[in-house]
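This report concerns only the one structure given below.
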There are 4 protein chains.
Amino acid sequence: MEIVPVLLKEGKKVIDLSADYRIEDTQVYKKWYSKDHTDINNIKKAVYGLPELYKDKIKNASLIANPGCYPTAAILALAPLFKNKLAKPEFIIIDAKSGITGAGRKPDLSSVYSDFNENLKAYKINQHQHMPEIEEVLSNISGKKVEINFVPHLIPMDRGILETIYLKTDTKVNVIDLLKLCKEFYKQSPFVRINDEGKFPEIKDVLNTNFCDIGIKIDSQKSLVIIVAAIDNLVKGAAGQAVQNMNIMCGFPEGEALL
Amino acid sequence: MEIVPVLLKEGKKVIDLSADYRIEDTQVYKKWYSKDHTDINNIKKAVYGLPELYKDKIKNASLIANPGCYPTAAILALAPLFKNKLAKPEFIIIDAKSGITGAGRKPDLSSVYSDFNENLKAYKINQHQHMPEIEEVLSNISGKKVEINFVPHLIPMDRGILETIYLKTDTKVNVIDLLKLCKEFYKQSPFVRINDEGKFPEIKDVLNTNFCDIGIKIDSQKSLVIIVAAIDNLVKGAAGQAVQNMNIMCGFPEGEALL
Amino acid sequence: MEIVPVLLKEGKKVIDLSADYRIEDTQVYKKWYSKDHTDINNIKKAVYGLPELYKDKIKNASLIANPGCYPTAAILALAPLFKNKLAKPEFIIIDAKSGITGAGRKPDLSSVYSDFNENLKAYKINQHQHMPEIEEVLSNISGKKVEINFVPHLIPMDRGILETIYLKTDTKVNVIDLLKLCKEFYKQSPFVRINDEGKFPEIKDVLNTNFCDIGIKIDSQKSLVIIVAAIDNLVKGAAGQAVQNMNIMCGFPEGEALL
Amino acid sequence: MEIVPVLLKEGKKVIDLSADYRIEDTQVYKKWYSKDHTDINNIKKAVYGLPELYKDKIKNASLIANPGCYPTAAILALAPLFKNKLAKPEFIIIDAKSGITGAGRKPDLSSVYSDFNENLKAYKINQHQHMPEIEEVLSNISGKKVEINFVPHLIPMDRGILETIYLKTDTKVNVIDLLKLCKEFYKQSPFVRINDEGKFPEIKDVLNTNFCDIGIKIDSQKSLVIIVAAIDNLVKGAAGQAVQNMNIMCGFPEGEALL
């Protein structure tokens, strides 16, 4: 938010990979990022850069808030259900697993090899700063306030995010219909692939690519839907999505330079 | 179940690491293990070898059904809550993560290095054969039928299991009291360690040891309890627990030869 | 050698990734691959598909013997020295380290995850079938019989080969001049990069690319040259090099479709 | 060297895991560790704590210089050959591979997970500070000045060192006799295991133990000996060896508390 207003004034288009323009409510921003927002005016101009939901707005945007890595997978997995009133908004559990690059690269003890190798840990349990971002977008889609539970874990691998999502439905939807509905929902979205029934994505399905792969299982007796979504956090979860947004903003083919 | 009756007839004490004597109901056994049980008589003699719950029975048992790896962590995490009527039996989600040794070692393509390294996958979603074992023991503790949801994942590391467990409570219990209750519950159990508030176990806390470490968080507004439990699947989840059972059966100190 | 003659008869151009056409001497082939060669006539037609040495021949070839992974790095590292009579042919040590994909993917116990993870081993010490391939090419370049010592190791990572090569020189060459000579040698070769003095390649410099990176150190008092060469065994060491050869054979830009 | 003289004055026995008392020549120390030695008097008192060579001296020592990790494996592999005049002192190549803990744990970018995972690199090529330590001990054994070449590499695993050592011999020794000679040399040393012919150690043979395992191959036509030696750098390469030394100094069984 220090640099963006300067660039916008110069008439540049900006794709911001930080979290500064993702949260509409500055109070929420302050709570989760522990600082005041210093460029409130431009928040309204910012378009949330998830092309699968907001392609039309992105085309004409001057400022893109490029989504966080965890929210990208979570929102893509849940959007078709909330759009179609299939998920109870008061009950969502997202158990997320990320490669170590998800934790950044800092000159301290926070990413020491032997602390992560042959190890596995949960962190920021229901306290991760990506929670309000997911809740805001899903609430907008749903028209109701959505509240999620979110537990991220660090996995001993370089890159990749897998999210296992548990939600309740009160509709008697079966998995064939739900998969069909999702495929329909994403038929204009070349980077979302809905797996066939009984197949669930793994990290290597999407590694080094811009794809988000999604598999779904329904336990109808328990009214439980289980969704598995996978992305590469460094591509669809960050720089690849930024390129996808740039392509859309500049009128290039959406997949240009992306695998 | 081929060898056990022979050994028992010879007057030997047996600790069985297979699943053959873990399930009381032979119909359930057949459903999940796809074969008929051929030694039904001895099932009733078998004691479920989780010393933290059944130490007295183990002392005098001639046949121990050594618990599965996933059930060991899940049951130890949930037993204090079910014993104290703090968990709603109709809603339990266990998101489990295991090192690759959890999948066994077979001369086929099922454990090829490059299929698991830098990868992460869910498998047997709500279809894993350890589910009825967990449900049976928890139902016995609870006095009501417990049904769980269980999604195991394979993590690129040799060994270790971390389970993140989500459950609903209808009591207004706070985390301090719940941790205290758990510590009390396990005060005679040298291999269960309850973490202090705000601290959650990671795999390296228990690697190469017979410990099960447990951390708990409560979101009281959502009546949600989140438990993280960690074991080494090759020690507390298998051979170490067998040694612990042997120690108890033979009158040795419970922790003899265990780290 | 079963399929290649059929394809050649049909007038197809063939790039063979097996070892069948890499070894000129069929006795040597039989010794190292434990079978008789059944297509001797076509061996003479085959061009060894290392574009950095044989680009002109590759252009007009109908049959390419695509090099082995270890030989690619070893020959590219040593060719400039043998071409310029700077290496003693009777003393070459190649200590090679490869990711696990180098060992193939078979339905047996030979690539079980936990046998390789957190492990490291030497194998086929001075008995690897890539030795005669390296010796043949280097002897051809040198004009003298070159004999190497070759110890491959398996490293717990998916892909990549790093070779640390030790050789004696009897010329008083300094490292600056040798690096210059190598850069000159490869000036037409877009996929070989000679590092500057004091810099040595690591696997991540070449991962997922078709590059071979090379660094050199000279201990002049000991007349010892140490070369470190890195490739991705699945790209420059196999399929990528095949694409590079195809590009040259078909008149496409040499780097088309390669990173 | 700040603390040791204080402890010695108080009559304590000291096992020092730093390098301060390993090098006899203070000029050599200064050159490799970039500082002046400030406790020269005690250097002479120090016994190099490799029990397999110096057990008698260790028994009565008040100050032990606990060996470095790389030197432990290198010296144990080479000592029997130098003792028996089987190795040419002017030609030794040690190609060493170490897990990441070998590089220490510092609050900077030097041990970031993703810089090492799926990577492999050589470092300090013929410039590692463990070289003079190896040369000094081998020269003492040999009675002649021994000069080594030493190239360490970092391997994506937590712990373990594997050294592949190449040396020339001018004696016509065969591998059976050499293995016998080594077994004889170490017959009083419970933590050195000489492999049978054709078998070479891997890291998992020694992981979490105090063993040093050694395998040998001879190419008699080339008068070349290849030795593979493996240790766990955190046990036999550091703390385990310190415990072994303490046991000897205190009159405990040499293997007490060691695996």
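Chain lettering (A, B, ...) mirrors the order of the structure tokens, residue numbering begins at 1 for each chain separately, and ligand numbering begins at 1 in order of display.
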
### Distance-based interface of chain D with chain B, 10 Å, counting only C-alpha atoms, as a list of chain:residue names
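Close to chain B, chain D has D:Asn117, D:Glu118, D:Asn208.
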
Written file, previous selection with C-alpha atoms, as a compact mmCIF listing (two decimals), in the first residue's frame:
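Once everything was written out, this is part-v4.txt:
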# COMPACT_ATOMS: atom_id res chain seq x y z
CA ASN D 117 15.37 -29.98 -0.42
CA GLU D 118 15.41 -31.56 -3.90
CA ASN D 208 20.80 -43.15 14.96

### Task
Mind listing the strand (DSSP E or B) residues of segment 31-207 of chain A, per DSSP on the backbone, as a ChimeraX atom specification?
/A:47-48,63-65,92-98,112,121-122,149-154,161-168,192-194

May I have the residues from that selection written out with N, CA, C and O atoms, as a compact mmCIF listing (two decimals), in the first residue's frame?
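Result file is part.txt:
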# COMPACT_ATOMS: atom_id res chain seq x y z
N VAL A 47 -9.92 -5.08 -7.63
CA VAL A 47 -10.70 -6.27 -7.98
C VAL A 47 -9.96 -7.49 -7.45
O VAL A 47 -8.74 -7.61 -7.61
N TYR A 48 -10.70 -8.39 -6.79
CA TYR A 48 -10.09 -9.62 -6.28
C TYR A 48 -9.75 -10.52 -7.47
O TYR A 48 -10.64 -10.93 -8.22
N LEU A 63 -6.38 -2.10 -10.70
CA LEU A 63 -5.70 -2.66 -9.52
C LEU A 63 -6.28 -4.03 -9.19
O LEU A 63 -7.49 -4.16 -8.95
N ILE A 64 -5.41 -5.02 -9.19
CA ILE A 64 -5.81 -6.39 -8.86
C ILE A 64 -5.21 -6.77 -7.52
O ILE A 64 -4.00 -6.63 -7.31
N ALA A 65 -6.06 -7.26 -6.62
CA ALA A 65 -5.57 -7.88 -5.39
C ALA A 65 -5.42 -9.37 -5.70
O ALA A 65 -6.40 -10.10 -5.73
N ILE A 92 -18.06 -25.04 8.05
CA ILE A 92 -17.06 -25.35 7.03
C ILE A 92 -15.75 -25.63 7.74
O ILE A 92 -15.30 -24.83 8.56
N ILE A 93 -15.15 -26.77 7.45
CA ILE A 93 -13.82 -27.06 8.00
C ILE A 93 -12.84 -27.23 6.85
O ILE A 93 -13.07 -28.04 5.95
N ILE A 94 -11.79 -26.43 6.87
CA ILE A 94 -10.75 -26.52 5.84
C ILE A 94 -9.46 -26.98 6.51
O ILE A 94 -8.86 -26.26 7.29
N ASP A 95 -9.08 -28.22 6.21
CA ASP A 95 -7.82 -28.74 6.73
C ASP A 95 -6.81 -28.63 5.58
O ASP A 95 -6.88 -29.38 4.60
N ALA A 96 -5.89 -27.67 5.71
CA ALA A 96 -4.99 -27.33 4.60
C ALA A 96 -3.58 -27.82 4.86
O ALA A 96 -3.12 -27.82 6.01
N LYS A 97 -2.94 -28.29 3.79
CA LYS A 97 -1.56 -28.78 3.90
C LYS A 97 -0.73 -28.06 2.84
O LYS A 97 -1.06 -28.11 1.66
N SER A 98 0.39 -27.48 3.26
CA SER A 98 1.20 -26.70 2.31
C SER A 98 2.66 -27.11 2.35
O SER A 98 3.21 -27.43 3.40
N VAL A 112 14.39 -23.39 8.88
CA VAL A 112 15.55 -24.27 8.93
C VAL A 112 15.18 -25.67 8.43
O VAL A 112 14.18 -26.25 8.86
N LYS A 121 3.51 -30.33 11.00
CA LYS A 121 2.93 -29.60 12.12
C LYS A 121 1.74 -28.76 11.67
O LYS A 121 1.68 -28.31 10.53
N ALA A 122 0.79 -28.57 12.55
CA ALA A 122 -0.27 -27.59 12.36
C ALA A 122 0.24 -26.26 12.91
O ALA A 122 1.09 -26.22 13.77
N ASN A 149 -13.70 -22.70 9.52
CA ASN A 149 -12.63 -23.12 10.42
C ASN A 149 -11.47 -23.54 9.54
O ASN A 149 -11.66 -24.23 8.54
N PHE A 150 -10.29 -23.13 9.94
CA PHE A 150 -9.16 -23.28 9.02
C PHE A 150 -7.90 -23.69 9.79
O PHE A 150 -7.42 -22.94 10.64
N VAL A 151 -7.41 -24.88 9.49
CA VAL A 151 -6.18 -25.35 10.15
C VAL A 151 -5.13 -25.68 9.09
O VAL A 151 -5.22 -26.71 8.41
N PRO A 152 -4.13 -24.81 8.93
CA PRO A 152 -3.06 -25.10 7.97
C PRO A 152 -1.95 -25.96 8.60
O PRO A 152 -1.72 -25.90 9.82
N HIS A 153 -1.30 -26.77 7.77
CA HIS A 153 -0.20 -27.63 8.21
C HIS A 153 0.98 -27.46 7.26
O HIS A 153 0.79 -27.23 6.06
N LEU A 154 2.19 -27.60 7.78
CA LEU A 154 3.38 -27.55 6.93
C LEU A 154 3.90 -28.96 6.66
O LEU A 154 4.12 -29.73 7.59
N ILE A 161 -0.20 -27.11 -2.44
CA ILE A 161 -1.19 -27.03 -1.37
C ILE A 161 -2.29 -28.04 -1.66
O ILE A 161 -2.77 -28.13 -2.79
N LEU A 162 -2.63 -28.82 -0.64
CA LEU A 162 -3.78 -29.71 -0.74
C LEU A 162 -4.73 -29.32 0.38
O LEU A 162 -4.31 -29.24 1.55
N GLU A 163 -5.99 -29.09 0.03
CA GLU A 163 -6.96 -28.75 1.07
C GLU A 163 -8.06 -29.81 1.10
O GLU A 163 -8.62 -30.16 0.07
N THR A 164 -8.30 -30.34 2.29
CA THR A 164 -9.39 -31.30 2.48
C THR A 164 -10.49 -30.55 3.22
O THR A 164 -10.26 -30.08 4.34
N ILE A 165 -11.63 -30.41 2.55
CA ILE A 165 -12.68 -29.52 3.05
C ILE A 165 -13.91 -30.35 3.41
O ILE A 165 -14.33 -31.21 2.64
N TYR A 166 -14.43 -30.10 4.61
CA TYR A 166 -15.58 -30.83 5.12
C TYR A 166 -16.73 -29.85 5.29
O TYR A 166 -16.56 -28.82 5.95
N LEU A 167 -17.89 -30.16 4.73
CA LEU A 167 -19.01 -29.25 4.90
C LEU A 167 -20.31 -30.04 4.95
O LEU A 167 -20.40 -31.18 4.48
N LYS A 168 -21.32 -29.42 5.52
CA LYS A 168 -22.63 -30.04 5.64
C LYS A 168 -23.54 -29.46 4.56
O LYS A 168 -23.44 -28.28 4.21
N VAL A 192 -9.28 -24.76 -14.05
CA VAL A 192 -9.92 -25.58 -13.01
C VAL A 192 -10.35 -26.90 -13.63
O VAL A 192 -11.02 -26.91 -14.67
N ARG A 193 -9.91 -27.98 -13.03
CA ARG A 193 -10.28 -29.30 -13.53
C ARG A 193 -11.03 -30.07 -12.44
O ARG A 193 -10.50 -30.28 -11.35
N ILE A 194 -12.27 -30.46 -12.75
CA ILE A 194 -13.06 -31.25 -11.80
C ILE A 194 -12.81 -32.73 -12.09
O ILE A 194 -13.04 -33.21 -13.19

### Query
Of the residues C:Lys217, C:Phe91, C:Ala242, C:Val206, which is the one nearest to Gly49 of chain C, using only C-alpha atoms?
C:Ala242

### Task
Pick out the residues sitting within 7 Å of Pro107 of chain B, and hand them over as an MDAnalysis selection string; count only C-alpha atoms, and ignore anything fewer than 6 positions along from it in its own chain.
chainID C and resid 107:109

### Task
Kindly give the distance, in Å, that separates atom CA of Glu136 of chain C and atom CA of Asp158 of chain C, rounded to a single decimal.
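Value for the atom CA of Glu136 of chain C-atom CA of Asp158 of chain C distance: 29.0 Å.
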
### Message
Report as a list in words all protein, DNA and RNA residues lying within 8 Å of Lys199 of chain C, evaluated on only C-alpha atoms, omitting residues in the same chain fewer than 4 positions from it.
### Response
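Here the qualifying residues turn out to be Asn195, Gly215 and Ile216 of chain C.
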
Please, could you write that set of residues out with C-alpha atoms as an mmCIF file, in the first residue's frame?
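Printed below is again.cif as written:
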data_model
loop_
_atom_site.group_PDB
_atom_site.id
_atom_site.type_symbol
_atom_site.label_atom_id
_atom_site.label_comp_id
_atom_site.auth_asym_id
_atom_site.auth_seq_id
_atom_site.Cartn_x
_atom_site.Cartn_y
_atom_site.Cartn_z
ATOM 1 C CA ASN C 195 30.227 -21.108 -14.380
ATOM 2 C CA GLY C 215 32.169 -25.437 -12.652
ATOM 3 C CA ILE C 216 35.919 -26.063 -12.417
#

### Message
Between atom CA of Asp196 of chain A and atom CA of Ala77 of chain A, what distance in Å does the model show, to one decimal?
### Response
14.5 Å

If we count only C-alpha atoms and set the cut-off at 6 Å, which residues sit around segment 183-191 of chain A, ignoring sequence neighbours fewer than 2 positions away in its own chain? Please answer as a compact mmCIF listing (two decimals) with N, CA, C and O atoms, in the first residue's frame.
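around.txt was written with the following content:
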# COMPACT_ATOMS: atom_id res chain seq x y z
N GLU A 52 -11.58 -17.03 -12.25
CA GLU A 52 -12.70 -17.96 -12.40
C GLU A 52 -14.00 -17.35 -11.88
O GLU A 52 -15.09 -17.79 -12.25
N LYS A 180 -21.17 -32.62 -11.92
CA LYS A 180 -21.68 -32.04 -13.17
C LYS A 180 -21.88 -30.53 -13.02
O LYS A 180 -21.47 -29.73 -13.86
N LEU A 181 -22.50 -30.17 -11.90
CA LEU A 181 -22.73 -28.76 -11.59
C LEU A 181 -21.41 -27.99 -11.53
O LEU A 181 -21.29 -26.87 -12.05
N PHE A 211 -2.91 -25.12 -12.70
CA PHE A 211 -4.21 -25.78 -12.49
C PHE A 211 -4.64 -25.81 -11.02
O PHE A 211 -3.80 -25.88 -10.11

### Message
Can you tell me, as JSON, numbers by chain, which residues in segment 5-177 of chain B count as helix (DSSP H, G or I) by DSSP?
### Response
{"B": [5, 6, 7, 8, 9, 26, 27, 28, 29, 30, 31, 32, 33, 40, 41, 42, 43, 44, 45, 51, 52, 53, 54, 55, 56, 57, 58, 59, 60, 69, 70, 71, 72, 73, 74, 75, 76, 77, 78, 79, 80, 81, 82, 83, 100, 101, 102, 103, 109, 110, 111, 113, 114, 115, 116, 131, 132, 133, 134, 135, 136, 137, 138, 139, 140, 141, 142, 175, 176, 177]}

### Query
Looking at only C-alpha atoms, which of D:Asn41, D:Ile148, D:Leu7, D:Leu76 is the one that sits closest to Leu224 of chain C?
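Using only C-alpha atoms, Leu224 of chain C sits closest to D:Ile148.
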
### Query
For the atom pair atom CA of Ala238 of chain A and atom CA of Ala73 of chain A, what is the interatomic distance in Å to one decimal place?
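Separation of atom CA of Ala238 of chain A and atom CA of Ala73 of chain A: 11.4 Å.
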
### Message
Residues within 8 Å of Ser111 of chain C, please, as a VMD selection string. Count only C-alpha atoms; anything in the same chain fewer than 5 positions from it doesn't count.
### Response
(chain B and resid 111 to 113) or (chain C and resid 100 103 to 106 116)

Output N, CA, C and O atoms for every residue in the selection just made, as an mmCIF file, in the first residue's frame.
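Ended up saving to again-v9.cif:
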data_model
loop_
_atom_site.group_PDB
_atom_site.id
_atom_site.type_symbol
_atom_site.label_atom_id
_atom_site.label_comp_id
_atom_site.auth_asym_id
_atom_site.auth_seq_id
_atom_site.Cartn_x
_atom_site.Cartn_y
_atom_site.Cartn_z
ATOM 1 N N SER B 111 4.537 -48.314 -3.551
ATOM 2 C CA SER B 111 5.336 -47.443 -2.674
ATOM 3 C C SER B 111 6.592 -46.929 -3.361
ATOM 4 O O SER B 111 7.617 -46.722 -2.727
ATOM 5 N N VAL B 112 6.472 -46.678 -4.652
ATOM 6 C CA VAL B 112 7.592 -46.146 -5.436
ATOM 7 C C VAL B 112 7.981 -44.744 -4.939
ATOM 8 O O VAL B 112 7.115 -43.887 -4.769
ATOM 9 N N TYR B 113 9.272 -44.546 -4.745
ATOM 10 C CA TYR B 113 9.766 -43.293 -4.187
ATOM 11 C C TYR B 113 9.151 -42.051 -4.824
ATOM 12 O O TYR B 113 8.582 -41.203 -4.164
ATOM 13 N N ILE C 100 16.354 -40.325 -7.477
ATOM 14 C CA ILE C 100 15.879 -41.711 -7.502
ATOM 15 C C ILE C 100 15.252 -42.088 -8.845
ATOM 16 O O ILE C 100 15.266 -43.256 -9.231
ATOM 17 N N ALA C 103 16.986 -44.462 -11.167
ATOM 18 C CA ALA C 103 16.956 -45.923 -10.995
ATOM 19 C C ALA C 103 15.734 -46.575 -11.641
ATOM 20 O O ALA C 103 15.531 -47.774 -11.512
ATOM 21 N N GLY C 104 14.919 -45.780 -12.317
ATOM 22 C CA GLY C 104 13.743 -46.347 -12.981
ATOM 23 C C GLY C 104 12.565 -46.528 -12.041
ATOM 24 O O GLY C 104 12.599 -46.089 -10.888
ATOM 25 N N ARG C 105 11.520 -47.149 -12.572
ATOM 26 C CA ARG C 105 10.262 -47.301 -11.829
ATOM 27 C C ARG C 105 9.724 -48.689 -12.137
ATOM 28 O O ARG C 105 9.169 -48.930 -13.202
ATOM 29 N N LYS C 106 9.948 -49.614 -11.219
ATOM 30 C CA LYS C 106 9.597 -51.007 -11.470
ATOM 31 C C LYS C 106 8.672 -51.554 -10.382
ATOM 32 O O LYS C 106 8.745 -51.123 -9.237
ATOM 33 N N PHE C 116 14.916 -45.313 0.267
ATOM 34 C CA PHE C 116 15.721 -44.244 -0.331
ATOM 35 C C PHE C 116 15.658 -42.946 0.464
ATOM 36 O O PHE C 116 16.632 -42.216 0.549
#
